[in-house]
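Colleague: What follows is a single structure, and I will ask about it in a moment.
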2 protein chains.
Amino acid sequence: MTLSEEFISREEIFHGRIVDLRVDTVRLPNGHLTTREVIDHPGGVAIVAIDEDDNVLTVKQYRYAFGTVLEELPAGKLERGEDPAAAARRELSEETGASCETLTSLGEILASPGGFTEVLHLYMATGLTFGSQHPDEDEFIDFERVPFDTLLRRCLSGDIRDGKTVAGVLKVYALRTLHKEEQ
Amino acid sequence: MTLSEEFISREEIFHGRIVDLRVDTVRLPNGHLTTREVIDHPGGVAIVAIDEDDNVLTVKQYRYAFGTVLEELPAGKLERGEDPAAAARRELSEETGASCETLTSLGEILASPGGFTEVLHLYMATGLTFGSQHPDEDEFIDFERVPFDTLLRRCLSGDIRDGKTVAGVLKVYALRTLHKEEQ
């Protein structure tokens, strides 16, 4: 069975600072027409930055959509045309003041593929050196160092809820564990 | 330092079938005004359903926003006022035909907390029995059984990109591994 959907027409609803919204009419495999609400997002990066004592850098920032402060990996949006690895180094430096010797890709995740085009590029950063934090003027961020094992358990308990943080920390845990088993 | 943002005013942009979009003006901790683009989403569920041979049920469906078929955990949106555990049983049955004896919460994840209110409730389902798949009329879904270890490695390699699938599978892996270590 073919699963694809054929584009018929587009209504552009909104062009924002961060997201755009369009409603496309498409033809389904059964010939029916339906609409797809698509939110276009530039994509972003998130970094599992680990210091030499096996602490992970996390940032706390107010998330207006949830009306609360969340603890997350350092992360940010891609600027137009920006290479994801360069964006990861830039965001890590802006939010925590850290630079890294080694940046390792942990792959991409799709935040919500049903209708949201955000692709998140995950990285692990090691060999950290610290300068000063320099967030954007209108960005208010505290950062912390959390022992890897503590952060892992907080991801599992539901205390850490941000999806990219859960995925990034658990990817590092699984890669470490499988690597140890294979030794 | 206080991190919170004060609501000033709202512009409602779009009310859709699935998402709503609003642009709120807020006051930042430094007194500056800015706008927050917020996409409201009803939230959803995703299920790591594991059969007695340690296969995980996955579904393949066309994701219009990415123009491709993705392989993901069975998942779906919450209906208005629906209990997440009931939604998990409903979606698992609709998409794969499976019912489960035991449904265990794996916690919540936030798909993209910067501006998207989607909360995903993750579950593990075991003790599966199979009836017939009965997706919505306009839903086209193939389902597969994938050995847990294979799916784990596909999540780590980047072959599986859906964020909720990566988070759910890696949570089960980490819980199993820590449980074994504690024995």
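The way I read the labels, and the way they are meant: chains A, B, ... in the order of the structure tokens, residue 1 as the first residue of every chain, and ligand 1 as the first ligand shown, with later ones counted on from there.
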Under the rule of at most 6 Å, produce a per-residue listing of chain A near chain B: chain, number, name, the closest pair of atoms, and the distance in Å, as a tab-separated table, using only C-alpha atoms.

Modeller:
residue	atom	partner	partner_atom	distance
A:Leu3	CA	B:Tyr62	CA	5.6
A:Ser4	CA	B:Tyr62	CA	5.6
A:Tyr62	CA	B:Leu3	CA	5.6
A:Ala65	CA	B:Gly115	CA	5.5
A:Gly107	CA	B:Gly158	CA	5.0
A:Ile109	CA	B:Arg161	CA	4.6
A:Leu110	CA	B:Asp162	CA	4.9
A:Ala111	CA	B:Ala111	CA	5.2
A:Gly115	CA	B:Ala65	CA	5.4
A:Thr117	CA	B:Ala65	CA	5.9
A:Gly158	CA	B:Gly107	CA	5.0
A:Arg161	CA	B:Ile109	CA	4.6
A:Asp162	CA	B:Leu110	CA	4.9
A:Gly163	CA	B:Ile109	CA	5.0
A:Ala167	CA	B:Ala167	CA	5.0
A:Leu170	CA	B:Leu170	CA	6.0

Colleague: Going by DSSP on the backbone, which residues of stretch 3-175 of chain B come out as strand (DSSP E or B)? List them as an NGL selection string.

Modeller: :B and (6-15 or 20-27 or 33-40 or 44-50 or 55-63 or 68-72 or 75-77 or 98-110 or 116 or 119-130 or 142-147 or 162)

Colleague: Write out as a list in words which residues come within 10 Å of B:Asp54 when counting only C-alpha atoms, dropping same-chain ones fewer than 6 positions away.

Modeller: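 Here the answer would be Thr126, Arg145, Val146, Pro147, Phe148 and Asp149 of chain B.
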
Colleague: Print the selection's residues with N, CA and C atoms to a file, as a tab-separated table (two decimals), in the first residue's frame.

Modeller:
chain	number	residue	atom	x	y	z
B	126	THR	N	2.64	-4.31	28.27
B	126	THR	CA	3.06	-5.71	28.20
B	126	THR	C	1.83	-6.61	28.41
B	145	ARG	N	6.73	-5.67	14.01
B	145	ARG	CA	7.31	-6.08	15.29
B	145	ARG	C	8.81	-6.09	15.11
B	146	VAL	N	9.50	-5.32	15.94
B	146	VAL	CA	10.95	-5.16	15.80
B	146	VAL	C	11.60	-5.63	17.10
B	147	PRO	N	12.60	-6.53	17.03
B	147	PRO	CA	13.29	-6.96	18.26
B	147	PRO	C	13.79	-5.75	19.04
B	148	PHE	N	13.61	-5.77	20.36
B	148	PHE	CA	13.96	-4.62	21.19
B	148	PHE	C	15.39	-4.16	20.92
B	149	ASP	N	16.34	-5.10	20.89
B	149	ASP	CA	17.75	-4.71	20.71
B	149	ASP	C	17.99	-4.04	19.36

Colleague: I'd like the contact shell of A:Ile47 - 7 Å cut-off, only C-alpha atoms, skipping same-chain residues fewer than 4 positions apart - returned as a PyMOL selection string.

Modeller: chain A and resi 73-75+88+122-125

Colleague: Okay, now the selection with N, CA and C atoms, as a PDB file, in the first residue's frame?

Modeller:
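Output saved as result09.pdb:
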ATOM      1  N   LEU A  73      18.965  20.734  28.586  1.00  0.00           N
ATOM      2  CA  LEU A  73      20.294  20.868  27.991  1.00  0.00           C
ATOM      3  C   LEU A  73      20.436  22.256  27.375  1.00  0.00           C
ATOM      4  N   PRO A  74      21.652  22.791  27.312  1.00  0.00           N
ATOM      5  CA  PRO A  74      21.874  23.986  26.505  1.00  0.00           C
ATOM      6  C   PRO A  74      21.402  23.714  25.072  1.00  0.00           C
ATOM      7  N   ALA A  75      20.721  24.651  24.471  1.00  0.00           N
ATOM      8  CA  ALA A  75      20.086  24.400  23.177  1.00  0.00           C
ATOM      9  C   ALA A  75      19.720  25.718  22.527  1.00  0.00           C
ATOM     10  N   ALA A  88      25.876  24.428  17.608  1.00  0.00           N
ATOM     11  CA  ALA A  88      26.031  23.777  18.908  1.00  0.00           C
ATOM     12  C   ALA A  88      27.141  24.455  19.709  1.00  0.00           C
ATOM     13  N   LEU A 122      21.412  16.642  17.976  1.00  0.00           N
ATOM     14  CA  LEU A 122      21.951  16.408  19.325  1.00  0.00           C
ATOM     15  C   LEU A 122      23.454  16.161  19.243  1.00  0.00           C
ATOM     16  N   TYR A 123      24.160  16.718  20.211  1.00  0.00           N
ATOM     17  CA  TYR A 123      25.618  16.549  20.272  1.00  0.00           C
ATOM     18  C   TYR A 123      26.056  16.239  21.695  1.00  0.00           C
ATOM     19  N   MET A 124      27.189  15.560  21.792  1.00  0.00           N
ATOM     20  CA  MET A 124      27.898  15.431  23.059  1.00  0.00           C
ATOM     21  C   MET A 124      29.167  16.287  22.961  1.00  0.00           C
ATOM     22  N   ALA A 125      29.416  17.074  23.995  1.00  0.00           N
ATOM     23  CA  ALA A 125      30.607  17.938  24.017  1.00  0.00           C
ATOM     24  C   ALA A 125      31.478  17.545  25.192  1.00  0.00           C
TER      25      ALA A 125
END

Colleague: Given only C-alpha atoms as the basis, pick out the residue of B:Gly43, B:Thr96, B:Glu181, B:Arg10 nearest to B:Val59.

Modeller: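 Once distances to B:Val59 are computed over only C-alpha atoms, the minimum belongs to B:Thr96.
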
Colleague: May I ask which of the residues B:Glu101, B:Glu144, B:Ser9, B:His121 is the closest one to B:Glu71, counting only C-alpha atoms?

Modeller: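 Looking only at the distances to B:Glu71, the closest residue turns out to be B:Glu144.
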
Colleague: Report as a JSON list (two decimals) with C-alpha atoms, in the first residue's frame: the residues of stretch 89-133 of chain A with a DSSP assignment of helix (DSSP H, G or I), based on the backbone of this structure.

Modeller:
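Contents of the output file result10.json:
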[["chain", "number", "residue", "atom", "x", "y", "z"],
["A", 89, "ARG", "CA", 29.38, 25.42, 19.75],
["A", 90, "ARG", "CA", 27.76, 28.89, 19.61],
["A", 91, "GLU", "CA", 24.80, 27.99, 21.86],
["A", 92, "LEU", "CA", 26.97, 26.14, 24.37],
["A", 93, "SER", "CA", 29.21, 29.19, 24.65],
["A", 94, "GLU", "CA", 26.34, 31.72, 24.84],
["A", 95, "GLU", "CA", 24.37, 29.82, 27.46],
["A", 96, "THR", "CA", 27.14, 28.40, 29.66]]

Colleague: Which distance in Å separates atom CA of B:Arg154 and atom CA of B:Thr58, to one decimal?

Modeller: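 Between these atoms lies a distance of 12.3 Å.
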
Colleague: Tell me, in Å to one decimal, how far atom CA of A:Glu82 is from atom CA of A:Gly44.

Modeller: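 Distance reported for this atom pair: 9.9 Å.
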
Colleague: Calculate how many Å separate atom CA of B:Asp53 from atom CA of B:His179, rounding to one decimal.

Modeller: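 Interatomic distance here is 19.4 Å.
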